[in-house]
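Below is the file structure30.cif, which contains mmCIF, C-alpha atoms and all ligand atoms.
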```cif
data_entry
#
loop_
_atom_site.group_PDB
_atom_site.id
_atom_site.type_symbol
_atom_site.label_atom_id
_atom_site.label_comp_id
_atom_site.auth_asym_id
_atom_site.auth_seq_id
_atom_site.Cartn_x
_atom_site.Cartn_y
_atom_site.Cartn_z
ATOM 1 C CA MET A 1 -101.490 -71.492 -57.013
ATOM 2 C CA LYS A 2 -98.291 -73.459 -56.767
ATOM 3 C CA LYS A 3 -97.693 -75.655 -53.701
ATOM 4 C CA GLY A 4 -95.083 -73.270 -52.266
ATOM 5 C CA GLU A 5 -97.484 -70.336 -52.622
ATOM 6 C CA LYS A 6 -100.253 -72.257 -50.854
ATOM 7 C CA ILE A 7 -97.948 -72.999 -47.879
ATOM 8 C CA PHE A 8 -96.821 -69.383 -47.747
ATOM 9 C CA PHE A 9 -100.450 -68.213 -47.880
ATOM 10 C CA ALA A 10 -101.505 -70.607 -45.091
ATOM 11 C CA VAL A 11 -98.588 -69.593 -42.854
ATOM 12 C CA SER A 12 -99.386 -65.885 -43.288
ATOM 13 C CA ILE A 13 -103.024 -66.467 -42.362
ATOM 14 C CA VAL A 14 -102.036 -68.360 -39.210
ATOM 15 C CA LEU A 15 -99.595 -65.601 -38.194
ATOM 16 C CA THR A 16 -102.181 -62.871 -38.808
ATOM 17 C CA VAL A 17 -104.780 -64.693 -36.701
ATOM 18 C CA LEU A 18 -102.258 -65.163 -33.873
ATOM 19 C CA ALA A 19 -101.288 -61.468 -33.953
ATOM 20 C CA VAL A 20 -104.916 -60.304 -33.914
ATOM 21 C CA THR A 21 -105.903 -62.629 -31.040
ATOM 22 C CA SER A 22 -102.935 -61.549 -28.945
ATOM 23 C CA VAL A 23 -103.891 -57.873 -29.400
ATOM 24 C CA ILE A 24 -107.509 -58.622 -28.461
ATOM 25 C CA GLU A 25 -106.415 -60.664 -25.447
ATOM 26 C CA ARG A 26 -104.214 -57.826 -24.218
ATOM 27 C CA LYS A 27 -107.057 -55.319 -24.603
ATOM 28 C CA MET A 28 -109.354 -57.611 -22.597
ATOM 29 C CA ARG A 29 -106.853 -57.722 -19.745
ATOM 30 C CA LYS A 30 -107.032 -53.948 -19.278
ATOM 31 C CA GLY A 31 -106.943 -52.791 -15.683
ATOM 32 C CA GLU A 32 -104.211 -55.335 -15.034
ATOM 33 C CA THR A 33 -101.390 -53.244 -16.469
ATOM 34 C CA PRO A 34 -98.046 -54.953 -15.841
ATOM 35 C CA SER A 35 -96.334 -53.216 -12.916
ATOM 36 C CA SER A 36 -92.738 -52.130 -13.234
ATOM 37 C CA LYS A 37 -90.325 -53.423 -10.608
ATOM 38 C CA ASP A 38 -88.919 -50.094 -9.465
ATOM 39 C CA TYR A 39 -90.795 -46.835 -9.813
ATOM 40 C CA TYR A 40 -90.984 -43.416 -8.243
ATOM 41 C CA GLU A 41 -93.790 -41.253 -7.005
ATOM 42 C CA TRP A 42 -92.891 -37.814 -8.226
ATOM 43 C CA SER A 43 -94.087 -34.477 -6.816
ATOM 44 C CA ALA A 44 -92.817 -30.897 -6.905
ATOM 45 C CA GLU A 45 -91.242 -31.414 -3.446
ATOM 46 C CA ALA A 46 -89.659 -34.738 -4.451
ATOM 47 C CA GLU A 47 -88.158 -33.028 -7.468
ATOM 48 C CA LYS A 48 -86.639 -30.331 -5.233
ATOM 49 C CA GLY A 49 -85.242 -33.126 -3.062
ATOM 50 C CA TYR A 50 -83.726 -34.783 -6.118
ATOM 51 C CA VAL A 51 -82.086 -31.519 -7.246
ATOM 52 C CA LEU A 52 -80.623 -31.067 -3.760
ATOM 53 C CA TYR A 53 -79.482 -34.708 -3.718
ATOM 54 C CA LYS A 54 -77.635 -34.232 -7.034
ATOM 55 C CA LYS A 55 -76.183 -30.872 -5.970
ATOM 56 C CA SER A 56 -74.940 -32.325 -2.660
ATOM 57 C CA GLY A 57 -72.963 -35.058 -4.434
ATOM 58 C CA CYS A 58 -74.860 -37.943 -2.801
ATOM 59 C CA ASN A 59 -74.464 -39.786 -6.113
ATOM 60 C CA SER A 60 -70.719 -40.062 -5.543
ATOM 61 C CA CYS A 61 -71.445 -42.905 -3.100
ATOM 62 C CA HIS A 62 -75.112 -43.806 -3.642
ATOM 63 C CA ARG A 63 -77.056 -44.783 -6.735
ATOM 64 C CA ALA A 64 -80.644 -43.904 -7.689
ATOM 65 C CA LEU A 65 -82.619 -43.667 -10.922
ATOM 66 C CA ARG A 66 -79.823 -45.229 -12.967
ATOM 67 C CA THR A 67 -77.053 -42.825 -11.988
ATOM 68 C CA GLY A 68 -74.438 -42.894 -9.262
ATOM 69 C CA GLU A 69 -71.977 -45.313 -7.752
ATOM 70 C CA ILE A 70 -72.525 -48.975 -6.911
ATOM 71 C CA GLY A 71 -70.667 -50.748 -4.129
ATOM 72 C CA VAL A 72 -69.786 -47.815 -1.864
ATOM 73 C CA ALA A 73 -73.108 -47.206 -0.115
ATOM 74 C CA PRO A 74 -76.701 -48.498 -0.301
ATOM 75 C CA VAL A 75 -78.539 -48.118 -3.634
ATOM 76 C CA PHE A 76 -81.633 -45.953 -3.138
ATOM 77 C CA ASP A 77 -83.996 -47.509 -5.677
ATOM 78 C CA GLY A 78 -86.759 -49.000 -3.548
ATOM 79 C CA GLU A 79 -85.655 -47.029 -0.446
ATOM 80 C CA GLY A 80 -89.171 -45.632 0.042
ATOM 81 C CA THR A 81 -90.553 -49.190 0.264
ATOM 82 C CA ARG A 82 -87.758 -50.592 2.475
ATOM 83 C CA ARG A 83 -87.709 -47.743 4.984
ATOM 84 C CA THR A 84 -90.509 -45.949 6.784
ATOM 85 C CA GLU A 85 -90.654 -42.190 6.961
ATOM 86 C CA ALA A 86 -90.088 -42.417 10.730
ATOM 87 C CA TRP A 87 -86.895 -44.453 10.189
ATOM 88 C CA LEU A 88 -85.580 -41.907 7.670
ATOM 89 C CA GLN A 89 -86.420 -39.018 10.013
ATOM 90 C CA GLY A 90 -84.594 -40.758 12.848
ATOM 91 C CA TYR A 91 -81.613 -41.471 10.600
ATOM 92 C CA PHE A 92 -81.293 -37.896 9.313
ATOM 93 C CA ASN A 93 -81.542 -36.553 12.887
ATOM 94 C CA ASP A 94 -79.043 -38.973 14.438
ATOM 95 C CA PRO A 95 -77.553 -41.609 12.080
ATOM 96 C CA GLU A 96 -75.350 -43.119 14.793
ATOM 97 C CA LYS A 97 -78.399 -44.028 16.886
ATOM 98 C CA LEU A 98 -79.759 -46.300 14.111
ATOM 99 C CA VAL A 99 -76.523 -47.472 12.453
ATOM 100 C CA SER A 100 -73.603 -47.849 14.816
ATOM 101 C CA GLY A 101 -70.419 -46.437 13.295
ATOM 102 C CA SER A 102 -72.500 -44.683 10.593
ATOM 103 C CA ALA A 103 -70.720 -42.951 7.706
ATOM 104 C CA HIS A 104 -73.023 -39.968 8.113
ATOM 105 C CA THR A 105 -71.521 -38.478 11.240
ATOM 106 C CA GLY A 106 -68.840 -36.755 9.162
ATOM 107 C CA LYS A 107 -66.415 -39.688 9.241
ATOM 108 C CA PHE A 108 -66.876 -40.677 5.627
ATOM 109 C CA GLY A 109 -70.087 -39.191 4.230
ATOM 110 C CA PRO A 110 -71.666 -35.790 4.953
ATOM 111 C CA ASP A 111 -72.649 -35.179 8.603
ATOM 112 C CA PHE A 112 -76.456 -35.170 8.671
ATOM 113 C CA ARG A 113 -76.557 -33.427 12.031
ATOM 114 C CA LEU A 114 -75.374 -30.266 10.234
ATOM 115 C CA LEU A 115 -78.234 -30.246 7.698
ATOM 116 C CA SER A 116 -81.104 -27.757 8.023
ATOM 117 C CA ALA A 117 -84.592 -29.097 8.821
ATOM 118 C CA THR A 118 -85.742 -28.009 5.330
ATOM 119 C CA ASP A 119 -82.971 -29.970 3.585
ATOM 120 C CA LYS A 120 -83.644 -33.098 5.666
ATOM 121 C CA ALA A 121 -87.348 -32.894 4.799
ATOM 122 C CA LEU A 122 -86.544 -32.558 1.067
ATOM 123 C CA PHE A 123 -84.202 -35.570 1.117
ATOM 124 C CA ILE A 124 -86.881 -37.612 2.906
ATOM 125 C CA VAL A 125 -89.621 -36.715 0.375
ATOM 126 C CA PHE A 126 -87.305 -37.665 -2.499
ATOM 127 C CA LEU A 127 -86.241 -40.969 -0.877
ATOM 128 C CA LYS A 128 -89.807 -41.898 0.125
ATOM 129 C CA GLY A 129 -90.803 -41.583 -3.547
ATOM 130 C CA LEU A 130 -88.327 -44.287 -4.664
ATOM 131 C CA LYS A 131 -90.529 -47.389 -4.511
ATOM 132 C CA SER A 132 -90.261 -51.025 -5.540
ATOM 133 C CA ASN A 133 -92.633 -53.921 -6.171
ATOM 134 C CA PRO A 134 -92.249 -57.638 -5.370
ATOM 135 C CA GLY A 135 -89.923 -59.148 -7.978
ATOM 136 C CA SER A 136 -87.444 -56.306 -7.752
ATOM 137 C CA SER A 137 -84.037 -56.974 -6.225
ATOM 138 C CA ASN A 138 -84.633 -53.716 -4.312
ATOM 139 C CA TYR A 139 -87.786 -55.092 -2.650
ATOM 140 C CA PRO A 140 -87.337 -55.750 1.100
ATOM 141 C CA THR A 141 -86.007 -59.192 1.951
ATOM 142 C CA PRO A 142 -87.447 -61.129 4.926
ATOM 143 C CA PRO A 143 -85.922 -60.028 8.239
ATOM 144 C CA PHE A 144 -84.631 -63.497 9.174
ATOM 145 C CA LYS A 145 -81.597 -65.562 8.291
ATOM 146 C CA LEU A 146 -81.950 -69.009 6.719
ATOM 147 C CA ASP A 147 -80.149 -71.910 8.411
ATOM 148 C CA GLU A 148 -77.051 -72.916 6.513
HETATM 149 C C1 LIG B 201 -68.668 -40.711 1.057
HETATM 150 C C2 LIG B 201 -69.777 -41.596 0.771
HETATM 151 C C3 LIG B 201 -71.205 -41.130 0.988
HETATM 152 C C4 LIG B 201 -71.796 -39.968 0.534
HETATM 153 C C5 LIG B 201 -71.176 -38.824 -0.279
HETATM 154 C C6 LIG B 201 -73.190 -40.023 0.954
HETATM 155 N N1 LIG B 201 -73.423 -41.197 1.632
HETATM 156 FE FE1 LIG B 201 -75.212 -41.804 2.394
HETATM 157 N N2 LIG B 201 -74.346 -43.523 3.122
HETATM 158 C C7 LIG B 201 -73.015 -43.860 2.964
HETATM 159 C C8 LIG B 201 -72.772 -45.152 3.611
HETATM 160 C C9 LIG B 201 -71.430 -45.888 3.670
HETATM 161 C C10 LIG B 201 -74.017 -45.576 4.146
HETATM 162 C C11 LIG B 201 -74.285 -46.902 4.921
HETATM 163 C C12 LIG B 201 -74.934 -46.724 6.258
HETATM 164 C C13 LIG B 201 -74.196 -45.897 7.270
HETATM 165 O O1 LIG B 201 -72.943 -45.895 7.283
HETATM 166 O O2 LIG B 201 -74.881 -45.239 8.087
HETATM 167 C C14 LIG B 201 -74.978 -44.530 3.815
HETATM 168 C C15 LIG B 201 -76.328 -44.568 4.149
HETATM 169 C C16 LIG B 201 -77.266 -43.607 3.810
HETATM 170 C C17 LIG B 201 -78.676 -43.702 4.116
HETATM 171 C C18 LIG B 201 -79.363 -44.868 4.820
HETATM 172 C C19 LIG B 201 -79.729 -45.925 3.809
HETATM 173 C C20 LIG B 201 -80.437 -47.111 4.425
HETATM 174 O O3 LIG B 201 -81.624 -47.314 4.109
HETATM 175 O O4 LIG B 201 -79.803 -47.836 5.197
HETATM 176 C C21 LIG B 201 -79.260 -42.545 3.661
HETATM 177 C C22 LIG B 201 -80.745 -42.165 3.772
HETATM 178 C C23 LIG B 201 -78.218 -41.743 3.045
HETATM 179 N N3 LIG B 201 -77.014 -42.423 3.142
HETATM 180 C C24 LIG B 201 -78.428 -40.526 2.429
HETATM 181 C C25 LIG B 201 -77.421 -39.769 1.827
HETATM 182 C C26 LIG B 201 -77.626 -38.443 1.262
HETATM 183 C C27 LIG B 201 -78.960 -37.711 1.244
HETATM 184 C C28 LIG B 201 -76.418 -38.018 0.801
HETATM 185 C C29 LIG B 201 -76.069 -36.684 0.203
HETATM 186 C C30 LIG B 201 -76.297 -35.526 1.056
HETATM 187 C C31 LIG B 201 -75.447 -39.081 1.056
HETATM 188 N N4 LIG B 201 -76.095 -40.119 1.695
HETATM 189 C C32 LIG B 201 -74.107 -39.033 0.691
HETATM 190 C C33 LIG B 201 -72.050 -43.136 2.306
HETATM 191 C C34 LIG B 201 -72.254 -41.901 1.688
#
```
As a first step, turn the structure in this file into structure tokens.
Ligand code: HEC
Amino acid sequence: MKKGEKIFFAVSIVLTVLAVTSVIERKMRKGETPSSKDYYEWSAEAEKGYVLYKKSGCNSCHRALRTGEIGVAPVFDGEGTRRTEAWLQGYFNDPEKLVSGSAHTGKFGPDFRLLSATDKALFIVFLKGLKSNPGSSNYPTPPFKLDE
């Protein structure tokens, strides 16, 4: 073998060993699957809620699952981790009580007080399914302000 061939041969062996050990190492770490930052818990009801959400044009102000507007209204990815079901129920029943001057009293966005109980429940199931993990920018931030 020429010198160049020997070097090439040695480098390929080293790379092969590295590739094999990294595959083995990954297999040994099973059970610890890397968690994605934002995810959703899907169900037949949540899917109905999503269809209703799309049909109602909520995406024209909100954003979820990579579609919709940014900058007009809160992004919904992670909503089901940031908000409790009780908060969402309270908000759909009377938005003004939880957010003073809320858009959802017909001023700007759709008036939630006009929605049927079935539609509210579907929206809530869909929103509760939009979850986030620590590390996501949609994960809840601490409820205090830092001194400046
Ligand atoms: C014209 C714009 C607009 C549209 C359309 C709209 N929203 Fe909103 N929404 C807002 C704004 C602005 C807020 C910010 C909070 C507020 O004003 O109460 C908001 C807040 C919310 C919140 C509370 C989020 C939080 O955690 O603070 C929910 C839930 C919500 N909207 C659901 C919906 C649903 C469901 C639809 C479709 C039926 C919809 N929105 C359509 C503008 C809109």
What do you get as number ranges by chain if you pick all residues at most 8 Å from ligand LIG 201 (chain B), counting all atoms listed in the file? A: 52-54, 56-62, 72-76, 79, 82-83, 88, 91-92, 95-96, 98-104, 108-110, 112, 120, 123-124, 127
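The nearest approach to Thr67 in chain A among the residues A:Lys27, A:Thr84, A:Tyr50, A:Gly129, with all atoms listed in the file taken into account, belongs to A:Tyr50.
Note that CA of Val51 in chain A and CA of Asp111 in chain A are 18.8 Å apart.
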Padding 5 Å on every side, please: axis-aligned box over the listed atoms of range 47-65 of chain A, centre and edge lengths to one decimal in Å, as JSON.
```
{"center_x": -79.4, "center_y": -37.6, "center_z": -6.8, "size_x": 27.4, "size_y": 24.5, "size_z": 18.3}
```
Evaluating the PyMOL selection byres (((chain A and resi 130) around 8) and not hetatm) on the displayed file yields which residues, as number ranges by chain? A: 38-41, 76-81, 126-129, 131-132
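Taking only C-alpha atoms into account, Lys55 in chain A lies nearest to A:Asp119 out of the set A:Trp87, A:Ile24, A:Lys2, A:Asp119.
Put simply, CA of Thr105 in chain A is 13.4 Å away from CA of Gly90 in chain A.
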In Å to one decimal, how far is CA of Glu25 in chain A from CA of Phe8 in chain A? 25.8 Å
Name all residues at most 8 Å from Lys37 in chain A (count all atoms listed in the file; drop same-chain ones fewer than 4 positions away) and give them as a PyMOL selection string. chain A and resi 132-136
Could I get range 30-64 of chain A rebuilt with N, CA and C atoms, written as a PDB file, keeping the file's coordinate frame?
```pdb
ATOM      1  N   LYS A  30    -107.307 -55.317 -19.720  1.00  0.00           N
ATOM      2  CA  LYS A  30    -107.032 -53.948 -19.278  1.00  0.00           C
ATOM      3  C   LYS A  30    -107.413 -53.794 -17.796  1.00  0.00           C
ATOM      4  N   GLY A  31    -106.743 -52.902 -17.119  1.00  0.00           N
ATOM      5  CA  GLY A  31    -106.943 -52.791 -15.683  1.00  0.00           C
ATOM      6  C   GLY A  31    -105.830 -53.546 -14.971  1.00  0.00           C
ATOM      7  N   GLU A  32    -105.308 -54.569 -15.609  1.00  0.00           N
ATOM      8  CA  GLU A  32    -104.211 -55.335 -15.034  1.00  0.00           C
ATOM      9  C   GLU A  32    -102.917 -54.936 -15.715  1.00  0.00           C
ATOM     10  N   THR A  33    -102.603 -53.660 -15.773  1.00  0.00           N
ATOM     11  CA  THR A  33    -101.390 -53.244 -16.469  1.00  0.00           C
ATOM     12  C   THR A  33    -100.174 -53.833 -15.766  1.00  0.00           C
ATOM     13  N   PRO A  34     -99.215 -54.362 -16.499  1.00  0.00           N
ATOM     14  CA  PRO A  34     -98.046 -54.953 -15.841  1.00  0.00           C
ATOM     15  C   PRO A  34     -97.331 -53.887 -15.013  1.00  0.00           C
ATOM     16  N   SER A  35     -96.955 -54.236 -13.758  1.00  0.00           N
ATOM     17  CA  SER A  35     -96.334 -53.216 -12.916  1.00  0.00           C
ATOM     18  C   SER A  35     -94.824 -53.286 -13.082  1.00  0.00           C
ATOM     19  N   SER A  36     -94.182 -52.125 -13.112  1.00  0.00           N
ATOM     20  CA  SER A  36     -92.738 -52.130 -13.234  1.00  0.00           C
ATOM     21  C   SER A  36     -92.151 -52.483 -11.870  1.00  0.00           C
ATOM     22  N   LYS A  37     -90.905 -52.954 -11.867  1.00  0.00           N
ATOM     23  CA  LYS A  37     -90.325 -53.423 -10.608  1.00  0.00           C
ATOM     24  C   LYS A  37     -89.929 -52.272  -9.694  1.00  0.00           C
ATOM     25  N   ASP A  38     -89.266 -51.273 -10.253  1.00  0.00           N
ATOM     26  CA  ASP A  38     -88.919 -50.094  -9.465  1.00  0.00           C
ATOM     27  C   ASP A  38     -89.613 -48.899 -10.100  1.00  0.00           C
ATOM     28  N   TYR A  39     -90.133 -48.028  -9.268  1.00  0.00           N
ATOM     29  CA  TYR A  39     -90.795 -46.835  -9.813  1.00  0.00           C
ATOM     30  C   TYR A  39     -90.653 -45.705  -8.812  1.00  0.00           C
ATOM     31  N   TYR A  40     -91.023 -44.506  -9.203  1.00  0.00           N
ATOM     32  CA  TYR A  40     -90.984 -43.416  -8.243  1.00  0.00           C
ATOM     33  C   TYR A  40     -92.283 -42.645  -8.277  1.00  0.00           C
ATOM     34  N   GLU A  41     -92.611 -42.107  -7.112  1.00  0.00           N
ATOM     35  CA  GLU A  41     -93.790 -41.253  -7.005  1.00  0.00           C
ATOM     36  C   GLU A  41     -93.286 -39.834  -6.969  1.00  0.00           C
ATOM     37  N   TRP A  42     -93.460 -39.146  -8.056  1.00  0.00           N
ATOM     38  CA  TRP A  42     -92.891 -37.814  -8.226  1.00  0.00           C
ATOM     39  C   TRP A  42     -93.850 -36.739  -7.718  1.00  0.00           C
ATOM     40  N   SER A  43     -93.286 -35.645  -7.192  1.00  0.00           N
ATOM     41  CA  SER A  43     -94.087 -34.477  -6.816  1.00  0.00           C
ATOM     42  C   SER A  43     -93.143 -33.287  -6.912  1.00  0.00           C
ATOM     43  N   ALA A  44     -93.673 -32.084  -6.811  1.00  0.00           N
ATOM     44  CA  ALA A  44     -92.817 -30.897  -6.905  1.00  0.00           C
ATOM     45  C   ALA A  44     -91.761 -30.927  -5.790  1.00  0.00           C
ATOM     46  N   GLU A  45     -92.176 -31.343  -4.580  1.00  0.00           N
ATOM     47  CA  GLU A  45     -91.242 -31.414  -3.446  1.00  0.00           C
ATOM     48  C   GLU A  45     -90.174 -32.482  -3.672  1.00  0.00           C
ATOM     49  N   ALA A  46     -90.608 -33.642  -4.195  1.00  0.00           N
ATOM     50  CA  ALA A  46     -89.659 -34.738  -4.451  1.00  0.00           C
ATOM     51  C   ALA A  46     -88.624 -34.291  -5.478  1.00  0.00           C
ATOM     52  N   GLU A  47     -89.073 -33.506  -6.436  1.00  0.00           N
ATOM     53  CA  GLU A  47     -88.158 -33.028  -7.468  1.00  0.00           C
ATOM     54  C   GLU A  47     -87.120 -32.077  -6.860  1.00  0.00           C
ATOM     55  N   LYS A  48     -87.583 -31.224  -5.928  1.00  0.00           N
ATOM     56  CA  LYS A  48     -86.639 -30.331  -5.233  1.00  0.00           C
ATOM     57  C   LYS A  48     -85.630 -31.156  -4.447  1.00  0.00           C
ATOM     58  N   GLY A  49     -86.114 -32.232  -3.826  1.00  0.00           N
ATOM     59  CA  GLY A  49     -85.242 -33.126  -3.062  1.00  0.00           C
ATOM     60  C   GLY A  49     -84.211 -33.776  -3.972  1.00  0.00           C
ATOM     61  N   TYR A  50     -84.637 -34.136  -5.169  1.00  0.00           N
ATOM     62  CA  TYR A  50     -83.726 -34.783  -6.118  1.00  0.00           C
ATOM     63  C   TYR A  50     -82.654 -33.797  -6.577  1.00  0.00           C
ATOM     64  N   VAL A  51     -83.049 -32.545  -6.831  1.00  0.00           N
ATOM     65  CA  VAL A  51     -82.086 -31.519  -7.246  1.00  0.00           C
ATOM     66  C   VAL A  51     -81.040 -31.316  -6.140  1.00  0.00           C
ATOM     67  N   LEU A  52     -81.529 -31.249  -4.899  1.00  0.00           N
ATOM     68  CA  LEU A  52     -80.623 -31.067  -3.760  1.00  0.00           C
ATOM     69  C   LEU A  52     -79.691 -32.277  -3.605  1.00  0.00           C
ATOM     70  N   TYR A  53     -80.252 -33.460  -3.803  1.00  0.00           N
ATOM     71  CA  TYR A  53     -79.482 -34.708  -3.718  1.00  0.00           C
ATOM     72  C   TYR A  53     -78.345 -34.714  -4.745  1.00  0.00           C
ATOM     73  N   LYS A  54     -78.657 -34.277  -5.986  1.00  0.00           N
ATOM     74  CA  LYS A  54     -77.635 -34.232  -7.034  1.00  0.00           C
ATOM     75  C   LYS A  54     -76.585 -33.170  -6.710  1.00  0.00           C
ATOM     76  N   LYS A  55     -77.076 -31.998  -6.267  1.00  0.00           N
ATOM     77  CA  LYS A  55     -76.183 -30.872  -5.970  1.00  0.00           C
ATOM     78  C   LYS A  55     -75.249 -31.201  -4.806  1.00  0.00           C
ATOM     79  N   SER A  56     -75.744 -32.012  -3.850  1.00  0.00           N
ATOM     80  CA  SER A  56     -74.940 -32.325  -2.660  1.00  0.00           C
ATOM     81  C   SER A  56     -73.946 -33.450  -2.907  1.00  0.00           C
ATOM     82  N   GLY A  57     -73.951 -34.018  -4.106  1.00  0.00           N
ATOM     83  CA  GLY A  57     -72.963 -35.058  -4.434  1.00  0.00           C
ATOM     84  C   GLY A  57     -73.257 -36.413  -3.821  1.00  0.00           C
ATOM     85  N   CYS A  58     -74.496 -36.651  -3.412  1.00  0.00           N
ATOM     86  CA  CYS A  58     -74.860 -37.943  -2.801  1.00  0.00           C
ATOM     87  C   CYS A  58     -74.582 -39.089  -3.781  1.00  0.00           C
ATOM     88  N   ASN A  59     -74.710 -38.790  -5.069  1.00  0.00           N
ATOM     89  CA  ASN A  59     -74.464 -39.786  -6.113  1.00  0.00           C
ATOM     90  C   ASN A  59     -73.026 -40.298  -6.167  1.00  0.00           C
ATOM     91  N   SER A  60     -72.104 -39.597  -5.485  1.00  0.00           N
ATOM     92  CA  SER A  60     -70.719 -40.062  -5.543  1.00  0.00           C
ATOM     93  C   SER A  60     -70.528 -41.318  -4.704  1.00  0.00           C
ATOM     94  N   CYS A  61     -71.500 -41.638  -3.838  1.00  0.00           N
ATOM     95  CA  CYS A  61     -71.445 -42.905  -3.100  1.00  0.00           C
ATOM     96  C   CYS A  61     -72.694 -43.747  -3.332  1.00  0.00           C
ATOM     97  N   HIS A  62     -73.840 -43.087  -3.490  1.00  0.00           N
ATOM     98  CA  HIS A  62     -75.112 -43.806  -3.642  1.00  0.00           C
ATOM     99  C   HIS A  62     -75.501 -43.872  -5.112  1.00  0.00           C
ATOM    100  N   ARG A  63     -76.518 -44.690  -5.382  1.00  0.00           N
ATOM    101  CA  ARG A  63     -77.056 -44.783  -6.735  1.00  0.00           C
ATOM    102  C   ARG A  63     -78.575 -44.719  -6.658  1.00  0.00           C
ATOM    103  N   ALA A  64     -79.182 -43.975  -7.581  1.00  0.00           N
ATOM    104  CA  ALA A  64     -80.644 -43.904  -7.689  1.00  0.00           C
ATOM    105  C   ALA A  64     -80.996 -43.513  -9.104  1.00  0.00           C
TER     106      ALA A  64
END
```
